[in-house]
$ cat run-v9.pdb   # PDB, C-alpha atoms and all ligand atoms
ATOM      1  CA  MET A   1     -80.430 -22.186 102.136
ATOM      2  CA  THR A   2     -79.193 -18.679 102.914
ATOM      3  CA  PRO A   3     -75.435 -18.701 103.535
ATOM      4  CA  GLN A   4     -73.985 -17.374 106.776
ATOM      5  CA  THR A   5     -72.693 -13.912 107.466
ATOM      6  CA  SER A   6     -69.027 -13.248 108.067
ATOM      7  CA  SER A   7     -68.134 -10.240 110.138
ATOM      8  CA  ILE A   8     -64.883  -8.405 109.491
ATOM      9  CA  PRO A   9     -63.801  -5.500 111.686
ATOM     10  CA  ALA A  10     -62.853  -2.485 109.556
ATOM     11  CA  ALA A  11     -59.406  -2.409 111.119
ATOM     12  CA  ASP A  12     -58.747  -6.005 109.977
ATOM     13  CA  LEU A  13     -59.785  -5.189 106.450
ATOM     14  CA  SER A  14     -57.554  -2.183 106.157
ATOM     15  CA  ALA A  15     -54.741  -4.157 107.807
ATOM     16  CA  ARG A  16     -55.208  -6.772 105.103
ATOM     17  CA  ARG A  17     -55.033  -3.923 102.583
ATOM     18  CA  LEU A  18     -57.359  -5.452 100.031
ATOM     19  CA  PRO A  19     -54.920  -6.447  97.266
ATOM     20  CA  SER A  20     -57.089  -4.960  94.512
ATOM     21  CA  TYR A  21     -57.327  -1.556  96.158
ATOM     22  CA  SER A  22     -54.019  -0.237  94.857
ATOM     23  CA  HIS A  23     -54.712  -1.660  91.389
ATOM     24  CA  LEU A  24     -58.072   0.120  91.231
ATOM     25  CA  HIS A  25     -56.588   3.288  92.663
ATOM     26  CA  GLU A  26     -53.972   3.187  89.916
ATOM     27  CA  LEU A  27     -56.689   2.730  87.259
ATOM     28  CA  MET A  28     -58.276   5.978  88.420
ATOM     29  CA  ARG A  29     -55.060   7.834  87.590
ATOM     30  CA  ARG A  30     -56.106   7.882  83.965
ATOM     31  CA  PHE A  31     -58.565  10.662  84.840
ATOM     32  CA  GLN A  32     -56.134  13.521  85.221
ATOM     33  CA  VAL A  33     -56.075  16.969  83.688
ATOM     34  CA  LYS A  34     -53.341  15.836  81.280
ATOM     35  CA  ASP A  35     -55.706  13.094  80.019
ATOM     36  CA  LEU A  36     -58.555  15.442  79.079
ATOM     37  CA  VAL A  37     -59.759  14.825  75.530
ATOM     38  CA  ASN A  38     -62.847  16.851  74.697
ATOM     39  CA  VAL A  39     -62.299  19.943  76.856
ATOM     40  CA  ASP A  40     -59.255  21.997  77.805
ATOM     41  CA  ALA A  41     -57.930  22.335  81.336
ATOM     42  CA  GLU A  42     -59.249  25.830  81.839
ATOM     43  CA  SER A  43     -62.839  25.090  80.813
ATOM     44  CA  PHE A  44     -62.691  21.830  82.789
ATOM     45  CA  MET A  45     -61.827  23.656  86.012
ATOM     46  CA  ARG A  46     -64.377  26.371  85.293
ATOM     47  CA  THR A  47     -67.162  23.869  84.624
ATOM     48  CA  LEU A  48     -66.414  21.910  87.800
ATOM     49  CA  ASP A  49     -66.527  25.180  89.722
ATOM     50  CA  GLU A  50     -69.909  25.906  88.149
ATOM     51  CA  PHE A  51     -71.207  22.531  89.307
ATOM     52  CA  GLU A  52     -69.964  23.329  92.808
ATOM     53  CA  GLN A  53     -71.859  26.599  92.814
ATOM     54  CA  LEU A  54     -75.174  24.895  92.005
ATOM     55  CA  ASP A  55     -77.661  25.466  94.789
ATOM     56  CA  ASP A  56     -80.930  24.951  93.002
ATOM     57  CA  HIS A  57     -84.148  23.164  93.934
ATOM     58  CA  GLU A  58     -86.079  24.092  90.775
ATOM     59  CA  MET A  59     -83.791  22.119  88.486
ATOM     60  CA  GLU A  60     -84.709  19.058  90.576
ATOM     61  CA  GLY A  61     -88.422  19.753  90.196
ATOM     62  CA  PHE A  62     -88.938  20.687  93.863
ATOM     63  CA  ALA A  63     -91.508  23.375  94.687
ATOM     64  CA  GLY A  64     -89.250  24.731  97.433
ATOM     65  CA  ARG A  65     -85.942  23.972  99.100
ATOM     66  CA  ASP A  66     -87.504  23.352 102.501
ATOM     67  CA  LYS A  67     -88.185  19.767 103.420
ATOM     68  CA  GLN A  68     -85.862  18.514 100.695
ATOM     69  CA  HIS A  69     -82.581  16.797 101.362
ATOM     70  CA  PRO A  70     -79.857  19.480 101.339
ATOM     71  CA  ILE A  71     -77.649  17.304  99.121
ATOM     72  CA  TYR A  72     -80.390  17.255  96.488
ATOM     73  CA  VAL A  73     -80.513  21.057  96.471
ATOM     74  CA  LYS A  74     -76.876  22.105  96.895
ATOM     75  CA  PHE A  75     -74.177  20.321  94.892
ATOM     76  CA  HIS A  76     -71.692  18.278  96.943
ATOM     77  CA  TRP A  77     -68.926  16.102  95.593
ATOM     78  CA  GLY A  78     -69.607  12.494  96.520
ATOM     79  CA  HIS A  79     -66.383  10.759  95.545
ATOM     80  CA  ARG A  80     -62.864  12.028  95.907
ATOM     81  CA  HIS A  81     -61.542  12.887  92.452
ATOM     82  CA  ASP A  82     -57.809  13.314  91.970
ATOM     83  CA  PHE A  83     -57.378  15.132  88.681
ATOM     84  CA  GLY A  84     -53.604  15.406  89.060
ATOM     85  CA  GLU A  85     -53.232  19.176  89.021
ATOM     86  CA  PHE A  86     -56.004  19.481  91.584
ATOM     87  CA  SER A  87     -58.421  17.245  93.432
ATOM     88  CA  LYS A  88     -61.979  17.373  94.738
ATOM     89  CA  PRO A  89     -62.477  15.943  98.233
ATOM     90  CA  GLY A  90     -65.779  14.023  98.103
ATOM     91  CA  ARG A  91     -67.935  13.313 101.134
ATOM     92  CA  MET A  92     -67.297   9.584 100.727
ATOM     93  CA  GLY A  93     -63.590   9.939  99.904
ATOM     94  CA  ASN A  94     -62.303   6.774  98.231
ATOM     95  CA  HIS A  95     -65.029   4.600  99.737
ATOM     96  CA  HIS A  96     -66.132   3.599  96.212
ATOM     97  CA  ILE A  97     -62.693   2.113  95.493
ATOM     98  CA  MET A  98     -62.740   0.208  98.780
ATOM     99  CA  VAL A  99     -66.239  -1.121  97.969
ATOM    100  CA  MET A 100     -65.121  -2.417  94.585
ATOM    101  CA  ALA A 101     -61.974  -3.974  96.078
ATOM    102  CA  THR A 102     -64.146  -5.699  98.705
ATOM    103  CA  PHE A 103     -66.360  -7.226  96.006
ATOM    104  CA  ILE A 104     -63.243  -8.442  94.187
ATOM    105  CA  ASP A 105     -61.088  -9.669  97.070
ATOM    106  CA  GLU A 106     -63.504 -10.577  99.861
ATOM    107  CA  LEU A 107     -66.650 -11.752  98.104
ATOM    108  CA  LYS A 108     -64.884 -12.902  94.891
ATOM    109  CA  ALA A 109     -67.927 -11.622  93.026
ATOM    110  CA  ILE A 110     -66.014 -10.078  90.119
ATOM    111  CA  GLY A 111     -62.506  -9.995  88.740
ATOM    112  CA  GLN A 112     -60.291  -6.956  88.334
ATOM    113  CA  SER A 113     -61.335  -6.712  84.692
ATOM    114  CA  LEU A 114     -64.925  -6.125  83.610
ATOM    115  CA  ALA A 115     -64.130  -6.226  79.902
ATOM    116  CA  GLY A 116     -67.169  -7.322  77.928
ATOM    117  CA  LYS A 117     -69.549  -6.764  80.860
ATOM    118  CA  ARG A 118     -72.564  -4.474  80.719
ATOM    119  CA  VAL A 119     -73.058  -2.860  84.112
ATOM    120  CA  LEU A 120     -75.897  -0.819  85.600
ATOM    121  CA  ASP A 121     -74.513   1.667  88.149
ATOM    122  CA  ILE A 122     -77.354   2.767  90.419
ATOM    123  CA  GLY A 123     -77.180   6.188  92.087
ATOM    124  CA  CYS A 124     -73.922   7.352  90.498
ATOM    125  CA  TRP A 125     -73.680  10.644  92.471
ATOM    126  CA  THR A 126     -70.587  12.476  91.137
ATOM    127  CA  GLY A 127     -69.394   9.666  88.921
ATOM    128  CA  GLY A 128     -66.449   8.118  90.772
ATOM    129  CA  THR A 129     -67.830   4.588  90.540
ATOM    130  CA  SER A 130     -68.920   5.009  86.916
ATOM    131  CA  LEU A 131     -65.409   6.114  85.909
ATOM    132  CA  LEU A 132     -63.912   3.225  87.856
ATOM    133  CA  LEU A 133     -66.215   0.678  86.199
ATOM    134  CA  ALA A 134     -65.343   2.070  82.768
ATOM    135  CA  ALA A 135     -61.628   1.981  83.596
ATOM    136  CA  MET A 136     -62.113  -1.711  84.492
ATOM    137  CA  GLY A 137     -63.422  -2.234  80.959
ATOM    138  CA  ALA A 138     -67.194  -2.251  81.500
ATOM    139  CA  GLU A 139     -69.934  -0.735  79.369
ATOM    140  CA  VAL A 140     -71.746   1.377  81.958
ATOM    141  CA  VAL A 141     -75.253   2.726  82.196
ATOM    142  CA  ALA A 142     -75.317   5.071  85.197
ATOM    143  CA  VAL A 143     -78.663   6.178  86.622
ATOM    144  CA  GLU A 144     -79.077   9.058  89.046
ATOM    145  CA  GLU A 145     -82.258  10.764  90.203
ATOM    146  CA  VAL A 146     -80.575  14.088  91.022
ATOM    147  CA  LYS A 147     -80.148  16.097  87.834
ATOM    148  CA  LYS A 148     -77.068  18.078  88.909
ATOM    149  CA  TYR A 149     -75.212  14.826  89.727
ATOM    150  CA  ALA A 150     -76.290  13.084  86.520
ATOM    151  CA  GLU A 151     -75.016  16.103  84.572
ATOM    152  CA  CYS A 152     -71.732  16.129  86.489
ATOM    153  CA  THR A 153     -71.100  12.442  85.777
ATOM    154  CA  ARG A 154     -72.029  12.951  82.116
ATOM    155  CA  TYR A 155     -69.629  15.890  81.896
ATOM    156  CA  LEU A 156     -66.731  13.916  83.409
ATOM    157  CA  ALA A 157     -67.352  11.023  80.994
ATOM    158  CA  HIS A 158     -67.404  13.467  78.078
ATOM    159  CA  ALA A 159     -64.310  15.358  79.244
ATOM    160  CA  PHE A 160     -62.259  12.139  79.313
ATOM    161  CA  ASP A 161     -63.991  10.754  76.222
ATOM    162  CA  MET A 162     -65.304   7.721  78.109
ATOM    163  CA  ARG A 163     -67.869   6.689  75.523
ATOM    164  CA  SER A 164     -68.519   3.470  77.413
ATOM    165  CA  ILE A 165     -70.438   5.489  80.035
ATOM    166  CA  GLU A 166     -74.042   6.440  79.363
ATOM    167  CA  VAL A 167     -75.647   8.568  82.057
ATOM    168  CA  ARG A 168     -79.386   8.692  82.565
ATOM    169  CA  HIS A 169     -81.139  11.208  84.775
ATOM    170  CA  MET A 170     -83.840   8.957  86.198
ATOM    171  CA  SER A 171     -84.833   6.998  89.256
ATOM    172  CA  LEU A 172     -84.061   3.352  89.729
ATOM    173  CA  TYR A 173     -87.826   2.906  90.037
ATOM    174  CA  GLU A 174     -88.125   4.003  86.395
ATOM    175  CA  CYS A 175     -85.742   1.288  85.174
ATOM    176  CA  ILE A 176     -88.700  -0.876  84.204
ATOM    177  CA  THR A 177     -88.963  -0.151  80.486
ATOM    178  CA  ASP A 178     -88.031  -2.722  77.833
ATOM    179  CA  GLU A 179     -84.484  -1.402  77.405
ATOM    180  CA  PHE A 180     -83.702  -2.303  81.047
ATOM    181  CA  GLN A 181     -85.158  -5.810  80.980
ATOM    182  CA  ASP A 182     -82.664  -8.732  80.934
ATOM    183  CA  ALA A 183     -80.039  -6.227  79.837
ATOM    184  CA  PHE A 184     -77.116  -6.245  82.310
ATOM    185  CA  ASP A 185     -74.443  -8.719  83.417
ATOM    186  CA  LEU A 186     -74.003  -6.805  86.660
ATOM    187  CA  VAL A 187     -75.976  -4.346  88.723
ATOM    188  CA  LEU A 188     -73.793  -2.316  91.051
ATOM    189  CA  PHE A 189     -75.924  -1.092  93.928
ATOM    190  CA  PRO A 190     -73.747   0.430  96.675
ATOM    191  CA  GLY A 191     -74.797   3.073  99.158
ATOM    192  CA  VAL A 192     -78.367   3.451  97.927
ATOM    193  CA  LEU A 193     -80.617   0.711  99.326
ATOM    194  CA  HIS A 194     -80.883   2.304 102.787
ATOM    195  CA  HIS A 195     -82.087   5.548 101.204
ATOM    196  CA  LEU A 196     -85.020   4.005  99.363
ATOM    197  CA  SER A 197     -88.684   4.119 100.303
ATOM    198  CA  ASP A 198     -89.415   0.657  98.892
ATOM    199  CA  PRO A 199     -86.335  -1.562  99.035
ATOM    200  CA  LYS A 200     -88.157  -4.775  98.097
ATOM    201  CA  LEU A 201     -89.514  -3.259  94.887
ATOM    202  CA  ALA A 202     -86.062  -1.824  94.159
ATOM    203  CA  LEU A 203     -84.472  -5.251  94.576
ATOM    204  CA  ARG A 204     -87.016  -6.799  92.226
ATOM    205  CA  ILE A 205     -86.269  -4.129  89.627
ATOM    206  CA  THR A 206     -82.551  -4.924  89.817
ATOM    207  CA  PHE A 207     -83.417  -8.618  89.409
ATOM    208  CA  ASN A 208     -85.415  -7.840  86.271
ATOM    209  CA  CYS A 209     -82.582  -5.720  84.832
ATOM    210  CA  LEU A 210     -80.106  -8.623  84.973
ATOM    211  CA  THR A 211     -79.572 -11.342  82.436
ATOM    212  CA  ASP A 212     -79.866 -14.922  83.685
ATOM    213  CA  GLY A 213     -76.527 -15.687  85.343
ATOM    214  CA  GLY A 214     -75.979 -12.012  86.197
ATOM    215  CA  SER A 215     -75.291 -10.654  89.675
ATOM    216  CA  CYS A 216     -76.337  -7.724  91.809
ATOM    217  CA  LEU A 217     -73.607  -6.330  94.079
ATOM    218  CA  ILE A 218     -75.083  -4.573  97.097
ATOM    219  CA  GLU A 219     -73.417  -2.523  99.783
ATOM    220  CA  THR A 220     -75.670  -0.848 102.305
ATOM    221  CA  LEU A 221     -75.862   0.531 105.796
ATOM    222  CA  SER A 222     -77.266  -2.204 107.995
ATOM    223  CA  PHE A 223     -77.651  -3.038 111.631
ATOM    224  CA  ASP A 224     -76.786  -6.090 113.598
ATOM    225  CA  HIS A 225     -79.586  -8.067 115.228
ATOM    226  CA  ASP A 226     -80.459 -11.744 115.531
ATOM    227  CA  ALA A 227     -84.170 -11.204 114.964
ATOM    228  CA  GLU A 228     -85.438 -11.105 111.422
ATOM    229  CA  ILE A 229     -86.444  -7.478 111.394
ATOM    230  CA  VAL A 230     -86.092  -4.348 109.336
ATOM    231  CA  ALA A 231     -85.779  -1.103 111.294
ATOM    232  CA  ARG A 232     -86.666   2.401 110.320
ATOM    233  CA  ARG A 233     -83.849   4.281 111.895
ATOM    234  CA  ALA A 234     -85.160   6.730 114.489
ATOM    235  CA  LEU A 235     -84.770  10.386 113.606
ATOM    236  CA  GLU A 236     -82.752  11.063 116.709
ATOM    237  CA  LEU A 237     -80.140   8.605 115.428
ATOM    238  CA  ALA A 238     -79.666  10.586 112.219
ATOM    239  CA  PRO A 239     -76.309  12.372 112.096
ATOM    240  CA  ASP A 240     -77.805  15.847 112.221
ATOM    241  CA  PRO A 241     -81.551  15.690 112.868
ATOM    242  CA  ALA A 242     -81.864  19.469 113.008
ATOM    243  CA  ARG A 243     -80.495  19.810 109.498
ATOM    244  CA  GLU A 244     -81.791  16.604 107.995
ATOM    245  CA  PRO A 245     -85.153  16.081 109.685
ATOM    246  CA  TRP A 246     -86.657  14.319 106.680
ATOM    247  CA  GLY A 247     -83.379  12.851 105.496
ATOM    248  CA  TRP A 248     -83.480   9.868 103.277
ATOM    249  CA  ASN A 249     -85.536   6.956 104.393
ATOM    250  CA  TRP A 250     -83.123   5.094 106.616
ATOM    251  CA  LEU A 251     -84.789   1.714 106.274
ATOM    252  CA  LEU A 252     -82.078  -0.552 107.555
ATOM    253  CA  PHE A 253     -81.904  -4.306 107.108
ATOM    254  CA  THR A 254     -80.121  -6.766 109.274
ATOM    255  CA  PRO A 255     -77.751  -8.808 107.077
ATOM    256  CA  GLY A 256     -79.978 -11.870 107.509
ATOM    257  CA  THR A 257     -83.161 -10.030 106.555
ATOM    258  CA  LEU A 258     -81.488  -8.497 103.543
ATOM    259  CA  MET A 259     -80.448 -11.912 102.244
ATOM    260  CA  LYS A 260     -83.955 -13.314 102.846
ATOM    261  CA  THR A 261     -85.545 -10.349 101.078
ATOM    262  CA  MET A 262     -83.204 -10.835  98.143
ATOM    263  CA  GLU A 263     -84.164 -14.494  97.986
ATOM    264  CA  GLY A 264     -87.788 -13.397  98.145
ATOM    265  CA  VAL A 265     -87.461 -11.394  94.946
ATOM    266  CA  GLY A 266     -85.732 -14.276  93.166
ATOM    267  CA  TYR A 267     -82.025 -14.035  93.947
ATOM    268  CA  THR A 268     -79.724 -16.858  94.956
ATOM    269  CA  ILE A 269     -77.211 -15.814  97.598
ATOM    270  CA  SER A 270     -74.183 -17.790  96.595
ATOM    271  CA  HIS A 271     -71.628 -16.476  99.052
ATOM    272  CA  PRO A 272     -71.749 -15.440 102.720
ATOM    273  CA  CYS A 273     -72.288 -11.723 103.001
ATOM    274  CA  THR A 274     -69.610  -9.595 104.599
ATOM    275  CA  VAL A 275     -70.389  -7.141 107.375
ATOM    276  CA  MET A 276     -67.909  -4.401 107.971
ATOM    277  CA  ASP A 277     -68.213  -1.317 110.087
ATOM    278  CA  GLY A 278     -72.031  -1.279 110.060
ATOM    279  CA  ARG A 279     -72.288  -1.929 106.343
ATOM    280  CA  THR A 280     -73.315  -5.163 104.643
ATOM    281  CA  PHE A 281     -71.881  -6.417 101.358
ATOM    282  CA  VAL A 282     -73.937  -9.069  99.627
ATOM    283  CA  VAL A 283     -74.128 -10.557  96.153
ATOM    284  CA  GLY A 284     -77.324 -11.944  94.645
ATOM    285  CA  ARG A 285     -77.236 -14.075  91.515
ATOM    286  CA  ARG A 286     -80.150 -14.340  89.093
ATOM    287  CA  ASP A 287     -80.008 -17.974  88.034
ATOM    288  CA  ARG A 288     -83.134 -17.573  85.924
ATOM    289  CA  HIS A 289     -86.099 -15.267  85.880
ATOM    290  CA  THR A 290     -88.814 -16.443  88.261
ATOM    291  CA  ASP A 291     -92.021 -14.961  89.601
ATOM    292  CA  LEU A 292     -92.189 -13.506  93.108
ATOM    293  CA  TRP A 293     -94.585 -13.420  96.049
ATOM    294  CA  ARG A 294     -97.066 -10.764  94.937
ATOM    295  CA  ALA A 295     -99.256 -10.324  97.996
ATOM    296  CA  GLY A 296     -98.966  -6.768  99.235
ATOM    297  CA  LEU A 297     -96.606  -5.682  96.468
ATOM    298  CA  SER A 298     -96.608  -1.893  96.002
ATOM    299  CA  VAL A 299     -96.610  -2.132  92.206
ATOM    300  CA  ARG A 300     -98.836  -5.034  91.208
ATOM    301  CA  THR A 301     -97.787  -4.921  87.590
ATOM    302  CA  ILE A 302     -94.067  -5.169  88.205
ATOM    303  CA  ARG A 303     -92.631  -7.932  86.102
TER     304      ARG A 303
HETATM  305  C1  LIG A 401     -74.777   7.700  99.128
HETATM  306  S1  LIG A 401     -74.827   7.982  97.401
HETATM  307  C2  LIG A 401     -74.034   6.529  96.782
HETATM  308  C3  LIG A 401     -73.240   6.831  95.544
HETATM  309  C4  LIG A 401     -72.615   5.648  94.819
HETATM  310  N1  LIG A 401     -73.583   4.605  94.506
HETATM  311  C5  LIG A 401     -71.454   5.071  95.562
HETATM  312  O1  LIG A 401     -71.632   4.166  96.372
HETATM  313  O2  LIG A 401     -70.348   5.545  95.377
HETATM  314  C6  LIG A 401     -76.531   7.687  96.962
HETATM  315  C7  LIG A 401     -76.843   8.181  95.561
HETATM  316  O3  LIG A 401     -78.019   7.530  95.100
HETATM  317  C8  LIG A 401     -78.878   8.485  94.507
HETATM  318  N2  LIG A 401     -80.244   7.941  94.599
HETATM  319  C9  LIG A 401     -81.018   7.822  95.702
HETATM  320  N3  LIG A 401     -82.200   7.265  95.395
HETATM  321  C10 LIG A 401     -82.187   7.015  94.060
HETATM  322  C11 LIG A 401     -83.112   6.450  93.149
HETATM  323  N4  LIG A 401     -84.309   6.039  93.556
HETATM  324  N5  LIG A 401     -82.763   6.342  91.854
HETATM  325  C12 LIG A 401     -81.553   6.771  91.424
HETATM  326  N6  LIG A 401     -80.627   7.334  92.241
HETATM  327  C13 LIG A 401     -80.929   7.453  93.545
HETATM  328  C14 LIG A 401     -78.634   9.744  95.305
HETATM  329  O4  LIG A 401     -79.031  10.903  94.618
HETATM  330  C15 LIG A 401     -77.120   9.685  95.498
HETATM  331  O5  LIG A 401     -76.438  10.246  94.429
END
$ encode --input "run-v9.pdb" --output "structure tokens"
Amino acid sequence: MTPQTSSIPAADLSARRLPSYSHLHELMRRFQVKDLVNVDAESFMRTLDEFEQLDDHEMEGFAGRDKQHPIYVKFHWGHRHDFGEFSKPGRMGNHHIMVMATFIDELKAIGQSLAGKRVLDIGCWTGGTSLLLAAMGAEVVAVEEVKKYAECTRYLAHAFDMRSIEVRHMSLYECITDEFQDAFDLVLFPGVLHHLSDPKLALRITFNCLTDGGSCLIETLSFDHDAEIVARRALELAPDPAREPWGWNWLLFTPGTLMKTMEGVGYTISHPCTVMDGRTFVVGRRDRHTDLWRAGLSVRTIR
């Protein structure tokens, strides 16, 4: 049976000051200019500036810049990076640290150490989560469909000699080759599900990537409703419809529908999901590989 949802107002969570937050924040202090290994400070700053200047649709394989998401064309920092001598203010700030602390402290899905764990980081943007996972001891494979962001994450890993991070410029939907099958103890899947055109297929792919006993940690925009529905968010609700008319896909689940869909692709939901500030946190465990309901599936051959 699907466990219940627990709702936590954002203010309560920050008041509780997730105990792991400061620990994780401290871990990120190992990525400072003084800790650079493979590049010097000057070339590091210059290269980051060059990333920032990227405003290029061709490198992403787009025929034109119109009708493409602006963030896919022009480089934007996703995560806040504090490099000691200077910092980069990302659009999501330290949200990635808060997400990880929530999975540790609220959902008890992982411990503070990920030593010995192989983790798939989906949609790594500018690498904040990948660096954090590596600092927690994980072996990380980070996938990102936007080339400029994959290259940025790869550069940061190289600069700090984080050999435990492997970055792949590819879509999650391409993670179906042998090397991704039964290969990961954890799939970290925050901030991406609501952008995807086919969330059910994506969830099945994450299920196939895990080993038996492995878990998928999801954080996603969601909306609250008792009915078991999925909503395509209306364009007029988008933050800036004039600028982002095509946006990402904005398929939003209710927490209950998300858990049912996860069960539908094979997951066991072992812990009540947490809803905070319009975002749902949920953990699915792959007890063992099982088949799924195939009627209407967009890719019939998916394992
Ligand atoms: C809102 S960001 C979330 C970043 C990161 N996961 C986090 O929570 O800190 C979404 C990222 O997912 C990437 N993305 C979207 N769809 C993807 C797909 N199908 N495969 C791989 N990456 C994808 C986007 O390019 C973007 O970098």
$ closest_atom_pairs --input "run-v9.pdb" --of "chain A" --to "ligand LIG 401 (chain A)" --cutoff "7 Å" --atoms "only C-alpha atoms and all ligand atoms" --output "Markdown table"
| residue | atom | partner | partner_atom | distance |
| --- | --- | --- | --- | --- |
| A:Tyr72 | CA | A:LIG401 | O4 | 6.8 |
| A:Gly78 | CA | A:LIG401 | C3 | 6.8 |
| A:His79 | CA | A:LIG401 | O2 | 6.6 |
| A:His95 | CA | A:LIG401 | O2 | 6.9 |
| A:His96 | CA | A:LIG401 | O2 | 4.7 |
| A:Ile122 | CA | A:LIG401 | N1 | 5.9 |
| A:Gly123 | CA | A:LIG401 | O3 | 3.4 |
| A:Cys124 | CA | A:LIG401 | C4 | 4.8 |
| A:Trp125 | CA | A:LIG401 | O5 | 3.4 |
| A:Gly128 | CA | A:LIG401 | O2 | 6.6 |
| A:Thr129 | CA | A:LIG401 | O2 | 5.5 |
| A:Val143 | CA | A:LIG401 | C12 | 5.6 |
| A:Glu144 | CA | A:LIG401 | N6 | 3.9 |
| A:Glu145 | CA | A:LIG401 | C12 | 4.2 |
| A:Val146 | CA | A:LIG401 | O4 | 5.0 |
| A:Tyr149 | CA | A:LIG401 | O5 | 6.7 |
| A:Met170 | CA | A:LIG401 | C12 | 6.1 |
| A:Ser171 | CA | A:LIG401 | N5 | 3.4 |
| A:Leu172 | CA | A:LIG401 | N5 | 3.9 |
| A:Tyr173 | CA | A:LIG401 | N4 | 5.9 |
| A:Phe189 | CA | A:LIG401 | N1 | 6.2 |
| A:Pro190 | CA | A:LIG401 | O1 | 4.3 |
| A:Gly191 | CA | A:LIG401 | C2 | 4.3 |
| A:Val192 | CA | A:LIG401 | C6 | 4.7 |
| A:His195 | CA | A:LIG401 | C9 | 6.0 |
| A:Leu196 | CA | A:LIG401 | N3 | 5.9 |
$ atom_distance --input "run-v9.pdb" --atom1 "CA of Asp66 (chain A)" --atom2 "CA of Ala202 (chain A)"
26.6 Å
$ atom_distance --input "run-v9.pdb" --atom1 "CA of Leu252 (chain A)" --atom2 "CA of Val99 (chain A)"
18.5 Å
$ residues_near_point --input "run-v9.pdb" --point "(-86.7, -10.2, 95.5)" --cutoff "9 Å" --atoms "all atoms listed in the file" --output "mmCIF file with C-alpha atoms, keeping the file's coordinate frame"
data_model
loop_
_atom_site.group_PDB
_atom_site.id
_atom_site.type_symbol
_atom_site.label_atom_id
_atom_site.label_comp_id
_atom_site.auth_asym_id
_atom_site.auth_seq_id
_atom_site.Cartn_x
_atom_site.Cartn_y
_atom_site.Cartn_z
ATOM 1 C CA LYS A 200 -88.157 -4.775 98.097
ATOM 2 C CA LEU A 201 -89.514 -3.259 94.887
ATOM 3 C CA ALA A 202 -86.062 -1.824 94.159
ATOM 4 C CA LEU A 203 -84.472 -5.251 94.576
ATOM 5 C CA ARG A 204 -87.016 -6.799 92.226
ATOM 6 C CA ILE A 205 -86.269 -4.129 89.627
ATOM 7 C CA THR A 206 -82.551 -4.924 89.817
ATOM 8 C CA PHE A 207 -83.417 -8.618 89.409
ATOM 9 C CA LYS A 260 -83.955 -13.314 102.846
ATOM 10 C CA THR A 261 -85.545 -10.349 101.078
ATOM 11 C CA MET A 262 -83.204 -10.835 98.143
ATOM 12 C CA GLU A 263 -84.164 -14.494 97.986
ATOM 13 C CA GLY A 264 -87.788 -13.397 98.145
ATOM 14 C CA VAL A 265 -87.461 -11.394 94.946
ATOM 15 C CA GLY A 266 -85.732 -14.276 93.166
ATOM 16 C CA TYR A 267 -82.025 -14.035 93.947
ATOM 17 C CA LEU A 292 -92.189 -13.506 93.108
ATOM 18 C CA TRP A 293 -94.585 -13.420 96.049
#
$ resolve_selection --input "run-v9.pdb" --expression "the PyMOL selection byres (((chain A and resi 102-117) around 6) and not hetatm)" --output "PyMOL selection string"
chain A and resi 99-101+118+136-138+185
$ write_last_selection --input "run-v9.pdb" --atoms "C-alpha atoms" --output "PDB file, keeping the file's coordinate frame"
ATOM      1  CA  VAL A  99     -66.239  -1.121  97.969  1.00  0.00           C
ATOM      2  CA  MET A 100     -65.121  -2.417  94.585  1.00  0.00           C
ATOM      3  CA  ALA A 101     -61.974  -3.974  96.078  1.00  0.00           C
ATOM      4  CA  ARG A 118     -72.564  -4.474  80.719  1.00  0.00           C
ATOM      5  CA  MET A 136     -62.113  -1.711  84.492  1.00  0.00           C
ATOM      6  CA  GLY A 137     -63.422  -2.234  80.959  1.00  0.00           C
ATOM      7  CA  ALA A 138     -67.194  -2.251  81.500  1.00  0.00           C
ATOM      8  CA  ASP A 185     -74.443  -8.719  83.417  1.00  0.00           C
TER       9      ASP A 185
END
$ axis_aligned_box --input "run-v9.pdb" --around "region 189-196 of chain A" --padding-each-side "4 Å" --output "AutoDock Vina command-line options"
--center_x -79.4 --center_y 2.2 --center_z 98.4 --size_x 19.3 --size_y 14.6 --size_z 16.9
$ closest_residue --input "run-v9.pdb" --among "A:Ile302, A:Phe253, A:Ala227, A:Ala134" --to "Cys209 (chain A)" --atoms "only C-alpha atoms"
A:Ile302
$ residues_near_point --input "run-v9.pdb" --point "(-61.1, 17.5, 97.9)" --cutoff "10 Å" --atoms "all atoms listed in the file" --output "ChimeraX atom specification"
/A:77-82,86-91,93
$ write_last_selection --input "run-v9.pdb" --atoms "C-alpha atoms" --output "PDB file, in the frame of the given file"
ATOM      1  CA  TRP A  77     -68.926  16.102  95.593  1.00  0.00           C
ATOM      2  CA  GLY A  78     -69.607  12.494  96.520  1.00  0.00           C
ATOM      3  CA  HIS A  79     -66.383  10.759  95.545  1.00  0.00           C
ATOM      4  CA  ARG A  80     -62.864  12.028  95.907  1.00  0.00           C
ATOM      5  CA  HIS A  81     -61.542  12.887  92.452  1.00  0.00           C
ATOM      6  CA  ASP A  82     -57.809  13.314  91.970  1.00  0.00           C
ATOM      7  CA  PHE A  86     -56.004  19.481  91.584  1.00  0.00           C
ATOM      8  CA  SER A  87     -58.421  17.245  93.432  1.00  0.00           C
ATOM      9  CA  LYS A  88     -61.979  17.373  94.738  1.00  0.00           C
ATOM     10  CA  PRO A  89     -62.477  15.943  98.233  1.00  0.00           C
ATOM     11  CA  GLY A  90     -65.779  14.023  98.103  1.00  0.00           C
ATOM     12  CA  ARG A  91     -67.935  13.313 101.134  1.00  0.00           C
ATOM     13  CA  GLY A  93     -63.590   9.939  99.904  1.00  0.00           C
TER      14      GLY A  93
END
$ residues_around --input "run-v9.pdb" --residues "His225 (chain A)" --least-positions-apart "6" --cutoff "9 Å" --atoms "all atoms listed in the file" --output "list in words"
Thr254, Pro255 and Gly256 of chain A
